[in-house]
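Text of structure-v4.pdb, listed as PDB, C-alpha atoms:
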MODEL        1
ATOM      1  CA  MET I   1      37.738 -10.583 119.917
ATOM      2  CA  ALA I   2      37.936 -13.771 121.926
ATOM      3  CA  GLY I   3      41.322 -14.760 123.368
ATOM      4  CA  THR I   4      43.107 -18.083 122.971
ATOM      5  CA  PRO I   5      40.719 -20.975 123.617
ATOM      6  CA  LEU I   6      41.299 -23.018 126.772
ATOM      7  CA  PRO I   7      43.124 -26.349 126.229
ATOM      8  CA  GLU I   8      40.142 -28.258 127.615
ATOM      9  CA  SER I   9      37.850 -26.526 125.100
ATOM     10  CA  VAL I  10      40.148 -27.514 122.247
ATOM     11  CA  GLU I  11      40.278 -31.085 123.510
ATOM     12  CA  LEU I  12      36.492 -31.220 123.796
ATOM     13  CA  LEU I  13      36.095 -29.828 120.274
ATOM     14  CA  ASP I  14      38.581 -32.339 118.859
ATOM     15  CA  LYS I  15      36.677 -35.195 120.474
ATOM     16  CA  LEU I  16      33.347 -33.907 119.199
ATOM     17  CA  VAL I  17      34.680 -33.526 115.642
ATOM     18  CA  ALA I  18      36.206 -37.020 115.780
ATOM     19  CA  ALA I  19      32.886 -38.486 116.972
ATOM     20  CA  LEU I  20      30.929 -36.705 114.227
ATOM     21  CA  LYS I  21      33.359 -37.914 111.576
ATOM     22  CA  ARG I  22      33.243 -41.461 112.926
ATOM     23  CA  ARG I  23      29.468 -41.458 112.630
ATOM     24  CA  GLY I  24      29.584 -40.052 109.125
ATOM     25  CA  VAL I  25      27.837 -36.812 110.113
ATOM     26  CA  LEU I  26      30.565 -34.710 108.512
ATOM     27  CA  VAL I  27      33.852 -35.008 106.652
ATOM     28  CA  GLU I  28      36.935 -32.803 106.819
ATOM     29  CA  GLU I  29      35.924 -31.004 103.603
ATOM     30  CA  ASP I  30      32.720 -29.783 105.305
ATOM     31  CA  ILE I  31      34.749 -28.179 108.084
ATOM     32  CA  VAL I  32      37.177 -26.555 105.672
ATOM     33  CA  ARG I  33      34.308 -25.209 103.548
ATOM     34  CA  CYS I  34      32.531 -23.730 106.592
ATOM     35  CA  GLN I  35      35.765 -22.225 107.944
ATOM     36  CA  THR I  36      36.546 -20.666 104.580
ATOM     37  CA  GLN I  37      33.048 -19.166 104.393
ATOM     38  CA  ALA I  38      33.257 -17.825 107.950
ATOM     39  CA  GLU I  39      36.678 -16.276 107.366
ATOM     40  CA  ARG I  40      35.573 -14.678 104.114
ATOM     41  CA  ALA I  41      32.527 -13.111 105.752
ATOM     42  CA  GLN I  42      33.582  -9.544 106.524
ATOM     43  CA  PRO I  43      31.703  -6.231 106.595
ATOM     44  CA  GLU I  44      33.486  -5.299 103.365
ATOM     45  CA  THR I  45      31.176  -7.685 101.508
ATOM     46  CA  GLY I  46      28.026  -5.946 102.716
ATOM     47  CA  ALA I  47      29.667  -2.577 102.069
ATOM     48  CA  ARG I  48      30.429  -3.510  98.462
ATOM     49  CA  MET I  49      26.843  -4.680  98.002
ATOM     50  CA  VAL I  50      25.566  -1.319  99.263
ATOM     51  CA  ALA I  51      27.960   0.610  97.012
ATOM     52  CA  ARG I  52      26.859  -1.453  94.012
ATOM     53  CA  ALA I  53      23.206  -0.829  94.875
ATOM     54  CA  TRP I  54      23.845   2.928  95.003
ATOM     55  CA  LEU I  55      25.303   2.821  91.489
ATOM     56  CA  ASP I  56      23.289   0.120  89.775
ATOM     57  CA  PRO I  57      19.462   0.340  89.938
ATOM     58  CA  GLU I  58      19.085  -3.224  88.683
ATOM     59  CA  PHE I  59      21.301  -4.594  91.430
ATOM     60  CA  ARG I  60      19.466  -2.429  93.955
ATOM     61  CA  ALA I  61      16.151  -3.947  92.834
ATOM     62  CA  LEU I  62      17.588  -7.465  93.100
ATOM     63  CA  MET I  63      19.036  -6.768  96.548
ATOM     64  CA  LEU I  64      15.706  -5.511  97.900
ATOM     65  CA  ARG I  65      13.734  -8.316  96.250
ATOM     66  CA  ASP I  66      16.111 -11.173  97.065
ATOM     67  CA  GLY I  67      19.055 -10.372  99.321
ATOM     68  CA  THR I  68      20.254 -13.976  99.161
ATOM     69  CA  ALA I  69      20.618 -13.806  95.376
ATOM     70  CA  ALA I  70      22.347 -10.437  95.651
ATOM     71  CA  ALA I  71      24.869 -11.905  98.117
ATOM     72  CA  GLU I  72      25.440 -14.875  95.834
ATOM     73  CA  ALA I  73      26.139 -12.446  92.997
ATOM     74  CA  PHE I  74      29.061 -11.256  95.160
ATOM     75  CA  GLY I  75      30.366 -14.796  95.507
ATOM     76  CA  VAL I  76      29.006 -15.362  99.019
ATOM     77  CA  GLY I  77      28.108 -19.014  99.583
ATOM     78  CA  MET I  78      24.512 -18.808 100.856
ATOM     79  CA  LYS I  79      23.736 -22.519 100.657
ATOM     80  CA  GLY I  80      22.447 -23.574 104.057
ATOM     81  CA  ALA I  81      22.611 -19.994 105.359
ATOM     82  CA  PRO I  82      19.441 -18.207 106.502
ATOM     83  CA  PRO I  83      17.829 -16.067 103.786
ATOM     84  CA  LEU I  84      19.095 -12.496 103.675
ATOM     85  CA  GLY I  85      16.629  -9.615 103.646
ATOM     86  CA  VAL I  86      17.672  -6.052 102.872
ATOM     87  CA  LEU I  87      15.807  -3.044 104.256
ATOM     88  CA  GLU I  88      16.015   0.224 102.378
ATOM     89  CA  ASP I  89      16.469   3.494 104.249
ATOM     90  CA  THR I  90      14.904   6.583 102.693
ATOM     91  CA  ASP I  91      14.998  10.282 103.553
ATOM     92  CA  ARG I  92      11.926   9.603 105.735
ATOM     93  CA  LEU I  93      12.747   6.195 107.214
ATOM     94  CA  HIS I  94      15.734   4.767 109.097
ATOM     95  CA  HIS I  95      16.155   1.075 109.959
ATOM     96  CA  LEU I  96      17.907  -0.216 113.082
ATOM     97  CA  VAL I  97      18.546  -3.968 113.384
ATOM     98  CA  VAL I  98      18.522  -5.835 116.697
ATOM     99  CA  CYS I  99      17.838  -9.377 117.826
ATOM    100  CA  THR I 100      16.087  -9.145 121.182
ATOM    101  CA  LEU I 101      15.849 -12.929 121.579
ATOM    102  CA  CYS I 102      19.481 -13.847 120.890
ATOM    103  CA  SER I 103      22.056 -12.442 118.460
ATOM    104  CA  CYS I 104      20.790 -13.079 114.899
ATOM    105  CA  TYR I 105      23.005 -11.054 112.589
ATOM    106  CA  PRO I 106      23.632 -11.163 108.815
ATOM    107  CA  ARG I 107      26.941 -12.994 109.280
ATOM    108  CA  ALA I 108      27.171 -14.214 105.697
ATOM    109  CA  VAL I 109      27.687 -10.651 104.458
ATOM    110  CA  ILE I 110      29.010  -8.822 107.570
ATOM    111  CA  GLY I 111      30.926 -11.459 109.532
ATOM    112  CA  TYR I 112      30.695 -11.974 113.270
ATOM    113  CA  PRO I 113      28.745  -9.479 115.371
ATOM    114  CA  PRO I 114      30.550  -7.112 117.734
ATOM    115  CA  HIS I 115      30.142  -7.742 121.455
ATOM    116  CA  TRP I 116      27.791  -4.823 121.972
ATOM    117  CA  TYR I 117      25.339  -6.270 119.429
ATOM    118  CA  LYS I 118      25.010  -9.369 121.623
ATOM    119  CA  SER I 119      24.832  -7.450 124.902
ATOM    120  CA  ALA I 120      21.649  -7.462 126.965
ATOM    121  CA  ALA I 121      21.820  -3.653 127.067
ATOM    122  CA  TYR I 122      21.748  -3.202 123.294
ATOM    123  CA  ARG I 123      19.120  -5.894 122.801
ATOM    124  CA  ALA I 124      16.805  -4.430 125.436
ATOM    125  CA  ARG I 125      17.342  -0.768 124.646
ATOM    126  CA  ALA I 126      17.451  -0.753 120.830
ATOM    127  CA  VAL I 127      13.876  -1.923 120.678
ATOM    128  CA  ARG I 128      12.603   0.322 123.464
ATOM    129  CA  GLU I 129      14.525   3.578 123.108
ATOM    130  CA  PRO I 130      16.131   3.376 119.668
ATOM    131  CA  ARG I 131      16.749   7.119 119.392
ATOM    132  CA  ALA I 132      18.679   7.190 122.659
ATOM    133  CA  VAL I 133      20.791   4.248 121.481
ATOM    134  CA  LEU I 134      21.420   5.934 118.121
ATOM    135  CA  ALA I 135      22.469   9.131 119.889
ATOM    136  CA  GLU I 136      25.030   7.182 121.927
ATOM    137  CA  PHE I 137      26.504   5.950 118.642
ATOM    138  CA  GLY I 138      26.665   9.590 117.558
ATOM    139  CA  THR I 139      23.779   9.186 115.151
ATOM    140  CA  VAL I 140      21.246  11.997 115.143
ATOM    141  CA  LEU I 141      18.610  11.663 112.461
ATOM    142  CA  PRO I 142      17.310  14.694 110.569
ATOM    143  CA  ALA I 143      13.873  15.920 111.663
ATOM    144  CA  GLY I 144      11.038  14.023 110.016
ATOM    145  CA  VAL I 145      12.882  10.706 109.761
ATOM    146  CA  GLN I 146      10.996   7.834 111.369
ATOM    147  CA  VAL I 147      12.834   5.013 113.079
ATOM    148  CA  ARG I 148      11.845   1.468 112.234
ATOM    149  CA  VAL I 149      13.468  -1.030 114.590
ATOM    150  CA  VAL I 150      13.840  -4.451 112.991
ATOM    151  CA  ASP I 151      13.740  -7.195 115.599
ATOM    152  CA  SER I 152      15.357 -10.192 113.929
ATOM    153  CA  THR I 153      13.304 -12.897 115.616
ATOM    154  CA  ALA I 154      13.132 -15.828 113.218
ATOM    155  CA  ASP I 155      14.471 -17.312 109.992
ATOM    156  CA  TYR I 156      15.729 -14.249 108.108
ATOM    157  CA  ARG I 157      18.820 -12.179 108.663
ATOM    158  CA  TRP I 158      18.515  -8.459 107.975
ATOM    159  CA  MET I 159      20.897  -5.902 106.548
ATOM    160  CA  VAL I 160      20.284  -2.187 106.044
ATOM    161  CA  LEU I 161      20.720  -0.401 102.721
ATOM    162  CA  PRO I 162      21.521   3.133 103.942
ATOM    163  CA  THR I 163      20.836   6.227 101.884
ATOM    164  CA  ARG I 164      23.770   7.485  99.855
ATOM    165  CA  PRO I 165      25.149  10.586 101.562
ATOM    166  CA  ALA I 166      25.376  13.915  99.784
ATOM    167  CA  GLY I 167      28.855  14.818  98.643
ATOM    168  CA  THR I 168      29.570  11.428  97.072
ATOM    169  CA  GLU I 169      28.560  12.341  93.526
ATOM    170  CA  GLY I 170      30.842  10.815  90.919
ATOM    171  CA  TRP I 171      32.491   8.407  93.384
ATOM    172  CA  SER I 172      33.551   4.939  92.265
ATOM    173  CA  GLU I 173      32.119   1.767  93.768
ATOM    174  CA  GLU I 174      35.352   1.290  95.726
ATOM    175  CA  GLN I 175      35.230   4.808  97.129
ATOM    176  CA  LEU I 176      31.595   4.407  98.128
ATOM    177  CA  ALA I 177      32.182   1.003  99.754
ATOM    178  CA  ALA I 178      34.930   2.546 101.907
ATOM    179  CA  ILE I 179      32.431   4.767 103.780
ATOM    180  CA  VAL I 180      29.976   1.936 104.505
ATOM    181  CA  THR I 181      31.094   0.556 107.856
ATOM    182  CA  ARG I 182      29.919  -2.524 109.713
ATOM    183  CA  ASP I 183      27.809  -0.317 111.977
ATOM    184  CA  CYS I 184      26.078   1.302 108.969
ATOM    185  CA  LEU I 185      24.950  -2.131 107.823
ATOM    186  CA  VAL I 186      22.833  -2.675 110.944
ATOM    187  CA  GLY I 187      21.769   0.970 111.131
ATOM    188  CA  VAL I 188      23.476   2.237 114.277
ATOM    189  CA  THR I 189      25.447   4.764 112.245
ATOM    190  CA  LEU I 190      25.128   6.486 108.871
ATOM    191  CA  PRO I 191      27.706   6.580 106.079
ATOM    192  CA  GLN I 192      29.657   9.844 106.222
ATOM    193  CA  ALA I 193      31.091  11.344 103.050
ATOM    194  CA  GLU I 194      33.869  13.154 104.945
ATOM    195  CA  LYS I 195      35.114   9.941 106.553
ATOM    196  CA  ARG I 196      36.075   8.302 103.280
ATOM    197  CA  GLN I 197      39.381   6.466 103.301
ATOM    198  CA  ILE I 198      40.234   6.671  99.633
ATOM    199  CA  ALA I 199      41.067   9.874  97.789
ATOM    200  CA  ALA I 200      38.440  10.825  95.226
TER     201      ALA I 200
ATOM    202  CA  MET Y   1       5.794 -30.296 102.770
ATOM    203  CA  SER Y   2       7.874 -27.699 101.028
ATOM    204  CA  HIS Y   3       9.295 -24.609 102.607
ATOM    205  CA  GLY Y   4      11.325 -21.628 101.521
ATOM    206  CA  VAL Y   5      11.276 -17.941 100.849
ATOM    207  CA  GLN Y   6       9.008 -18.111  97.805
ATOM    208  CA  ASP Y   7       6.438 -20.402  99.334
ATOM    209  CA  VAL Y   8       3.709 -17.992 100.435
ATOM    210  CA  ALA Y   9       0.762 -19.151  98.292
ATOM    211  CA  GLU Y  10      -1.096 -20.379 101.377
ATOM    212  CA  ALA Y  11      -0.588 -17.205 103.415
ATOM    213  CA  ARG Y  12      -3.721 -16.382 105.388
ATOM    214  CA  PHE Y  13      -2.890 -12.694 105.815
ATOM    215  CA  ALA Y  14      -2.282 -10.279 102.946
ATOM    216  CA  PRO Y  15      -0.035  -7.218 103.123
ATOM    217  CA  GLY Y  16      -1.922  -4.501 105.002
ATOM    218  CA  ALA Y  17      -3.961  -6.934 107.112
ATOM    219  CA  ARG Y  18      -4.479  -5.836 110.702
ATOM    220  CA  VAL Y  19      -3.475  -8.609 113.057
ATOM    221  CA  ARG Y  20      -3.160  -9.222 116.765
ATOM    222  CA  VAL Y  21      -0.420 -11.331 118.285
ATOM    223  CA  LYS Y  22      -1.946 -14.007 120.466
ATOM    224  CA  PRO Y  23      -1.550 -13.034 124.119
ATOM    225  CA  GLY Y  24      -0.585 -16.505 125.352
ATOM    226  CA  ARG Y  25       2.351 -17.261 127.632
ATOM    227  CA  PRO Y  26       2.618 -21.007 127.018
ATOM    228  CA  GLU Y  27       6.199 -21.065 128.299
ATOM    229  CA  ARG Y  28       4.744 -20.651 131.788
ATOM    230  CA  ILE Y  29       3.309 -24.165 131.514
ATOM    231  CA  ALA Y  30       6.224 -26.069 130.023
ATOM    232  CA  PRO Y  31       9.733 -25.418 128.679
ATOM    233  CA  MET Y  32       9.452 -24.019 125.160
ATOM    234  CA  HIS Y  33      11.470 -22.329 122.476
ATOM    235  CA  LEU Y  34       9.409 -19.413 121.181
ATOM    236  CA  ARG Y  35      10.417 -16.809 118.609
ATOM    237  CA  THR Y  36       7.576 -14.417 119.458
ATOM    238  CA  PRO Y  37       8.855 -11.651 121.747
ATOM    239  CA  HIS Y  38       6.868 -11.025 124.942
ATOM    240  CA  TYR Y  39       6.608  -7.327 124.304
ATOM    241  CA  VAL Y  40       4.227  -7.759 121.343
ATOM    242  CA  ARG Y  41       2.015 -10.500 122.746
ATOM    243  CA  GLY Y  42      -1.551  -9.177 122.638
ATOM    244  CA  ARG Y  43      -0.480  -6.184 120.518
ATOM    245  CA  GLU Y  44      -2.024  -5.143 117.209
ATOM    246  CA  GLY Y  45       0.092  -4.621 114.139
ATOM    247  CA  VAL Y  46      -0.054  -4.610 110.353
ATOM    248  CA  VAL Y  47       1.298  -7.328 108.072
ATOM    249  CA  THR Y  48       3.806  -5.848 105.643
ATOM    250  CA  ARG Y  49       4.368  -9.118 103.753
ATOM    251  CA  ALA Y  50       4.666 -12.879 103.978
ATOM    252  CA  LEU Y  51       8.365 -13.810 104.046
ATOM    253  CA  GLY Y  52       8.137 -17.505 103.260
ATOM    254  CA  ARG Y  53       7.388 -20.834 104.853
ATOM    255  CA  PHE Y  54       9.791 -22.267 107.390
ATOM    256  CA  PRO Y  55       9.847 -25.287 109.711
ATOM    257  CA  ASN Y  56       8.354 -24.262 113.053
ATOM    258  CA  PRO Y  57      11.300 -23.486 115.385
ATOM    259  CA  GLU Y  58       9.131 -24.463 118.367
ATOM    260  CA  ASP Y  59       9.406 -28.061 117.100
ATOM    261  CA  LEU Y  60      12.964 -27.925 115.775
ATOM    262  CA  ALA Y  61      14.345 -26.845 119.146
ATOM    263  CA  PHE Y  62      13.155 -30.121 120.668
ATOM    264  CA  GLY Y  63      14.386 -32.352 117.852
ATOM    265  CA  ARG Y  64      10.953 -32.795 116.283
ATOM    266  CA  PRO Y  65      10.413 -32.347 112.539
ATOM    267  CA  GLY Y  66       9.160 -28.778 112.214
ATOM    268  CA  THR Y  67       5.823 -28.294 110.503
ATOM    269  CA  PRO Y  68       6.330 -25.603 107.839
ATOM    270  CA  ARG Y  69       4.544 -22.378 108.829
ATOM    271  CA  ILE Y  70       4.115 -19.076 107.058
ATOM    272  CA  LEU Y  71       6.386 -16.376 108.474
ATOM    273  CA  TYR Y  72       5.304 -12.724 108.225
ATOM    274  CA  HIS Y  73       6.852  -9.344 108.726
ATOM    275  CA  VAL Y  74       4.499  -7.469 111.046
ATOM    276  CA  GLU Y  75       4.878  -3.787 111.867
ATOM    277  CA  PHE Y  76       3.821  -2.267 115.194
ATOM    278  CA  ALA Y  77       3.576   1.367 116.218
ATOM    279  CA  GLN Y  78       6.388   1.719 118.720
ATOM    280  CA  PRO Y  79       5.015   4.132 121.388
ATOM    281  CA  PRO Y  80       1.995   2.010 122.437
ATOM    282  CA  VAL Y  81       4.221  -1.016 123.021
ATOM    283  CA  TRP Y  82       6.395   0.732 125.615
ATOM    284  CA  GLY Y  83       4.278   3.687 126.700
ATOM    285  CA  GLU Y  84       7.075   5.961 125.468
ATOM    286  CA  GLY Y  85       8.825   6.844 122.260
ATOM    287  CA  GLU Y  86       8.288   9.074 119.264
ATOM    288  CA  ALA Y  87       5.058   9.074 117.265
ATOM    289  CA  GLY Y  88       5.580   7.447 113.875
ATOM    290  CA  ASP Y  89       8.398   5.172 115.009
ATOM    291  CA  THR Y  90       7.741   1.478 114.459
ATOM    292  CA  VAL Y  91       8.992  -2.009 115.244
ATOM    293  CA  LEU Y  92       9.106  -4.628 112.480
ATOM    294  CA  ILE Y  93       9.130  -8.256 113.628
ATOM    295  CA  GLU Y  94       9.093 -11.725 112.058
ATOM    296  CA  ILE Y  95       6.106 -13.631 113.429
ATOM    297  CA  PHE Y  96       4.747 -17.045 112.491
ATOM    298  CA  GLU Y  97       1.139 -17.390 111.337
ATOM    299  CA  HIS Y  98       0.020 -19.554 114.251
ATOM    300  CA  TRP Y  99       0.786 -16.632 116.587
ATOM    301  CA  LEU Y 100      -1.470 -14.217 114.665
ATOM    302  CA  GLU Y 101      -5.206 -13.607 114.610
ATOM    303  CA  GLU Y 102      -7.364 -11.054 112.775
ATOM    304  CA  ALA Y 103      -7.638  -7.761 114.622
TER     305      ALA Y 103
ENDMDL
END
Same coordinates, now as structure tokens:
Amino acid sequence: MAGTPLPESVELLDKLVAALKRRGVLVEEDIVRCQTQAERAQPETGARMVARAWLDPEFRALMLRDGTAAAEAFGVGMKGAPPLGVLEDTDRLHHLVVCTLCSCYPRAVIGYPPHWYKSAAYRARAVREPRAVLAEFGTVLPAGVQVRVVDSTADYRWMVLPTRPAGTEGWSEEQLAAIVTRDCLVGVTLPQAEKRQIAA
Amino acid sequence: MSHGVQDVAEARFAPGARVRVKPGRPERIAPMHLRTPHYVRGREGVVTRALGRFPNPEDLAFGRPGTPRILYHVEFAQPPVWGEGEAGDTVLIEIFEHWLEEA
């Protein structure tokens, strides 16, 4: 995470905000609303969406058809946010999300991206040698699974719906959500049944 | 001029259409903001679906009103793009219609 902002940065920001308010571009309520949305955006939201999709076929269908609506169903304010698309892993297909041009990331449902996601190394390598990158994250795909790298280049933001791991039969939504990490939601890792945090 | 995720009635390419990304490098002539990665320029891929109609970011970046353009998801076989990789692996990219031609 970033450290304490420099005093000159804070001063510059204060002046910018004051100028925007003076010109009627924004009011204090806009800032509070955006801050609240940004602070609420955590990987737990995406994880809960995935867990719900594993349990509820109707929600799964909605999530794949219209990720924005699915996020809104979880109380995420998507007004003004880029549309959310959800990509479904299968036992033959694995998705890996990258933004080679900048750092597009489904912030509304996962929060801020980790530093490695924005690094030149990840952005260059994920699209060129995805299996090597996955291996470095400890992710080895079963034989016969194709990798589909999703380069997030334009107006959408993309989240992965991983496959539900074996050994999670009978689990509650809360238990399932606990094994869906931030990294699972962009496809660099897979949910692991043995890593669950909550007793079954 | 409407735009949005549902607005794909005027899409030129249907799912399954073979397309080629235009090979141009217009950013060599003038400063531009392009959302079409270099590594697929001139490459052939398959449209998986039209995603919607969005203001052209090439205009928006320079403060001009963006003309709404159809945005597609286009899938490319991964090994031919890099000359390495595993057969069957793919890359899926958002590309605007004005960057695509029939292949």
Using only C-alpha atoms, I'd like a table of the residues in chain Y that come within 7 Å of chain I; for each, show the closest atom pair and its distance in Å rounded to one decimal, ordered by chain and ascending number, as a Markdown table.
| residue | atom | partner | partner_atom | distance |
| --- | --- | --- | --- | --- |
| Y:Arg35 | CA | I:Thr153 | CA | 5.7 |
| Y:Trp82 | CA | I:Arg128 | CA | 6.6 |
| Y:Gly85 | CA | I:Glu129 | CA | 6.6 |
| Y:Gly88 | CA | I:Gln146 | CA | 6.0 |
| Y:Asp89 | CA | I:Val147 | CA | 4.8 |
| Y:Thr90 | CA | I:Arg148 | CA | 4.7 |
| Y:Val91 | CA | I:Val149 | CA | 4.6 |
| Y:Leu92 | CA | I:Val150 | CA | 4.8 |
| Y:Ile93 | CA | I:Asp151 | CA | 5.1 |
| Y:Glu94 | CA | I:Thr153 | CA | 5.6 |
With 3 Å on each side, where is the centre of the axis-aligned box around all listed atoms of range 16-26 of chain Y, and how long are its edges in Å to one decimal, as AutoDock Vina command-line options?
--center_x -0.9 --center_y -12.8 --center_z 116.3 --size_x 13.1 --size_y 22.5 --size_z 28.6
Problem - Explicit residues for the PyMOL selection byres ((chain Y and resi 7-14) around 9) (as a PyMOL selection string) - result: chain Y and resi 2-6+15-19+47-54+70-72+97+102
Exercise for the section: Evaluate the PyMOL selection byres ((chain I and resi 137) around 12) here and jot the selected residues down as a ChimeraX atom specification. Expected result: /I:96,116,122,126,130-136,138-141,183-184,187-190
Exercise for the section: With the file shown as input, list the residues that the PyMOL selection byres ((chain Y and resi 76) around 8) selects, as a ChimeraX atom specification. Expected result: /Y:43-46,74-75,77-78,81,90-92
Exercise for the section: Scan for residues within 12 Å of the point (31.1, -12.8, 93.6) in the coordinates of the file, using all atoms listed in the file, and reply as a PyMOL selection string. Expected result: chain I and resi 40+45-46+48-49+69-78+109
Exercise for the section: Rounded to one decimal place, report the CA of Ala103 in chain Y-CA of Arg20 in chain Y distance in Å. Expected result: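 Taking CA of Ala103 in chain Y and CA of Arg20 in chain Y, their separation equals 5.2 Å.
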Exercise for the section: Using only C-alpha atoms, find all polymer residues with an atom at most 10 Å away from the point (17.4, 11.3, 102.3); report them as a list in words. Expected result: Asp89, Thr90, Asp91, Arg92, Leu93, His94, Pro142, Val145, Pro162, Thr163, Arg164, Pro165 and Ala166 of chain I
Handout entry: For CA of Val32 in chain I and CA of Trp158 in chain I, the interatomic separation in Å (one decimal)
Key =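 It comes out at 26.1 Å.
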